[in-house]
Amino acid sequence: MSPAPDRAAGERRGRLLLDGHLVPGRVLFARGRVSVIELVDELPENAPLISPGLVDLHVHGYAGHDPVEDLGGLARALAAAGTTAFLPTLFPDEPARLGAQAEAVWRRRAELGLLGQRVLGLHLEGPFVNPLRAGALPSDRLHAPSPAALRALLGSSTAEGRGIRQVTLAPELAGAGELVAELVRSGVRVSLGHSLASADDAAAASARGARGATHLYNAMGAIHHRQATLTSFALASDALVAEIIGDLVHVGPEAFRIALRARGAHGLALVSDALRGAGTAEAEFESHGRRCVVKDGAIWLAGDGAPARLTGAEASQLEAVRRLHRAGVAEPAVLLSMACETPARALGLEHELGRLVPGARADLLVLDPRSLVAREILVGGEPVSAPAAGPMAGDPGKGRARR
């Protein structure tokens with residue numbers, strides 16, 4: 001009896017994203033992994049771009065799903081939009097409740113099979129952040145840093161049982177420095193954000209092991225020519241890999257170009273910061289008991305008579321790549337590298353994800369070379385459901401608001 005054929009084996013030809021450049025080649029894969037990368041001399045004019053699947057460090061929901069209510073639906077929806085691995089991101093809460101919620105979400109990962117392997121851990125955006133830079137986070141659910149609060153959050157000597165992979169905190173808060181060190185000892189990546197930290201505060205946290213900055217520019221002190229802030233440190237130092245939202249609403253094109261000039265694709269991880277209503281036709285939806293509206297290329301908290309506040313993105317990572325490219329911010333190779341290789345490296349997974357190298361998982365995007373719309377998406381060499389191009393806002397820069 002002959003062995004069963006390997007359905008996750010095959011070959012794709014196109015301009016391959018290799019080390020930040022697009023070069024003609026072919027990728028062969030078998031048993032869910034890349035087996036061969038080979039350069040070729042010629043390709044058809046309409047040959048696709050072939051990128052690793054995108055990796056999102058910061059996503060609260062997408063296409064009507066969120067990680068608390070439907071982790072499986074979220075994983076499938078993100079894969080169909082080009083994000084084949086991600087950190088489900090939870091909003092802040094009282095530490096014991098948030099820890100229990102994380103544990104419940106993480107248990108469901110085991111039920112998802114192949115896609116469950118692409119749920120890389122949980123990102124907790126708080127609760128140890130600065131109330132003065134809470135932004136759209138629910139300020140009544142924040143908590144002061146303390147060893148007891150951290151023990152309640154982690155639930156054990158390490159965070160593994162609850163799948164906690166990353167925590168955003170504000171390093172200037174009293175007691176935050178000790179928490180940075182303890183989180184690092186527990187195997188948790190620390191990202192600095194929702195913060196009024198000075199550059200000195202950020203440098204001290206980096207010395208204790210912090211390695212990220214959460215959504216650069218947003219919910220942190222602005223650049224000032226005399227007073228150095230967390231933003232200044234994240235732009236001027238290679239110590240942190242900085243998340244950056246690419247919808248062109250949270251960060252305008254000029255500021256995005258400044259970040260690229262300062263840090264390059266190697267130092268910036270393109271994230272979505274998408275909410276449940278992203279990628280749907282909904283004009284309004286509810287998130288954590290608050291009414292959200294989708295307009296002007298982003299998601300806003302409805303204001304009950306007060307001005308609407310920017311809260312999250314309605315663009316997936318791949319849609320953000322398209323927006324940035326259409327706006328002339330950067331070329332596809334740069335933008336795709338920011339969305340796959342840099343975040344994978346930030347998690348120490350660059351040999352598994354985010355790069356086209358032998359032995360990496362065969363998570364592939366086959367993109368139209370002009371529109372950057374996905375022709376095909378593979379996870380472990382297996383095709384996922386036909387993707388949609390996502391919303392194509394005419395002018396997402398309108399209605400920008402400080403966050």
# chains A, B, ... in the order shown; residues from 1 in each chain; ligands from 1
>>> closest_atom_pairs(of="region 260-294 of chain A", to="region 70-90 of chain A", cutoff="10 Å", atoms="only C-alpha atoms", output="JSON lines")
{"residue": "A:Val271", "atom": "CA", "partner": "A:Phe86", "partner_atom": "CA", "distance": 9.7}
{"residue": "A:Ser272", "atom": "CA", "partner": "A:Thr83", "partner_atom": "CA", "distance": 9.8}
{"residue": "A:Asp273", "atom": "CA", "partner": "A:Thr89", "partner_atom": "CA", "distance": 8.5}
{"residue": "A:Ala274", "atom": "CA", "partner": "A:Thr89", "partner_atom": "CA", "distance": 9.6}
{"residue": "A:Leu275", "atom": "CA", "partner": "A:Thr89", "partner_atom": "CA", "distance": 9.7}
{"residue": "A:Arg276", "atom": "CA", "partner": "A:Leu74", "partner_atom": "CA", "distance": 8.7}
{"residue": "A:Gly279", "atom": "CA", "partner": "A:Ala81", "partner_atom": "CA", "distance": 8.8}
>>> write_last_selection(atoms="N, CA and C atoms", output="CSV table (one decimal), in the first residue's frame")
chain,number,residue,atom,x,y,z
A,271,VAL,N,1.7,46.5,13.3
A,271,VAL,CA,0.6,45.8,14.0
A,271,VAL,C,-0.7,46.3,13.5
A,272,SER,N,-1.8,45.6,13.8
A,272,SER,CA,-3.1,46.1,13.4
A,272,SER,C,-3.8,46.9,14.5
A,273,ASP,N,-3.7,46.4,15.7
A,273,ASP,CA,-4.5,46.9,16.8
A,273,ASP,C,-6.0,47.0,16.4
A,274,ALA,N,-6.4,45.9,15.7
A,274,ALA,CA,-7.8,45.8,15.2
A,274,ALA,C,-8.7,45.4,16.3
A,275,LEU,N,-9.9,45.8,16.2
A,275,LEU,CA,-11.0,45.4,17.1
A,275,LEU,C,-12.0,44.5,16.4
A,276,ARG,N,-12.9,44.0,17.2
A,276,ARG,CA,-13.9,43.0,16.7
A,276,ARG,C,-14.6,43.5,15.4
A,279,GLY,N,-12.9,44.8,9.6
A,279,GLY,CA,-13.1,43.8,8.6
A,279,GLY,C,-14.5,43.3,8.4
>>> residues_around(residues="Leu114 (chain A)", least_positions_apart="4", cutoff="10 Å", atoms="only C-alpha atoms", output="NGL selection string")
:A and (32 or 109-110 or 118-119 or 379-380 or 382)
>>> write_last_selection(atoms="N, CA and C atoms", output="short mmCIF file (atom, residue, chain, number, x, y, z; two decimals), in the first residue's frame")
data_model
loop_
_atom_site.label_atom_id
_atom_site.label_comp_id
_atom_site.auth_asym_id
_atom_site.auth_seq_id
_atom_site.Cartn_x
_atom_site.Cartn_y
_atom_site.Cartn_z
N GLY A 32 4.32 20.60 5.76
CA GLY A 32 4.02 21.82 6.46
C GLY A 32 5.17 22.77 6.64
N ARG A 109 -6.95 27.38 22.90
CA ARG A 109 -5.97 27.25 21.81
C ARG A 109 -5.76 25.80 21.42
N ALA A 110 -5.74 24.89 22.40
CA ALA A 110 -5.47 23.48 22.13
C ALA A 110 -6.53 22.84 21.25
N ARG A 118 -0.59 28.67 15.69
CA ARG A 118 -0.22 30.02 15.28
C ARG A 118 -0.72 31.07 16.27
N VAL A 119 -1.40 30.63 17.33
CA VAL A 119 -1.72 31.53 18.45
C VAL A 119 -0.49 31.48 19.35
N VAL A 379 -1.42 28.02 5.11
CA VAL A 379 -0.96 27.82 6.49
C VAL A 379 -0.46 26.39 6.59
N GLY A 380 0.82 26.23 6.90
CA GLY A 380 1.39 24.89 6.92
C GLY A 380 1.27 24.20 5.58
N GLU A 382 -1.19 24.35 3.59
CA GLU A 382 -2.60 24.09 3.27
C GLU A 382 -3.30 25.41 2.96
#
>>> select_by_dssp(residues="region 68-252 of chain A", states="alpha helix (DSSP H)", output="PyMOL selection string")
chain A and resi 68-80+95-109+147-154+176-185+199-207+230-236
>>> residues_around(residues="region 34-51 of chain A", least_positions_apart="6", cutoff="7 Å", atoms="only C-alpha atoms", output="list in words")
Gly14, Arg15, Leu16, Leu17, Pro24, Gly25, Arg26, Val27, Leu28, Val357, Pro358, Gly359, Ala360, Arg361, Ala362, Leu364, Leu365, Val366, Leu367, Asp368 and Pro369 of chain A
>>> residues_around(residues="region 236-248 of chain A", least_positions_apart="4", cutoff="6 Å", atoms="only C-alpha atoms", output="JSON, numbers by chain")
{"A": [211, 212, 213, 214, 215, 216, 232, 252, 267, 268, 269, 270, 271, 272, 320, 397]}
>>> closest_residue(among="A:Val68, A:Leu124, A:Ala136, A:Arg345", to="Cys292 (chain A)", atoms="only C-alpha atoms")
A:Ala136
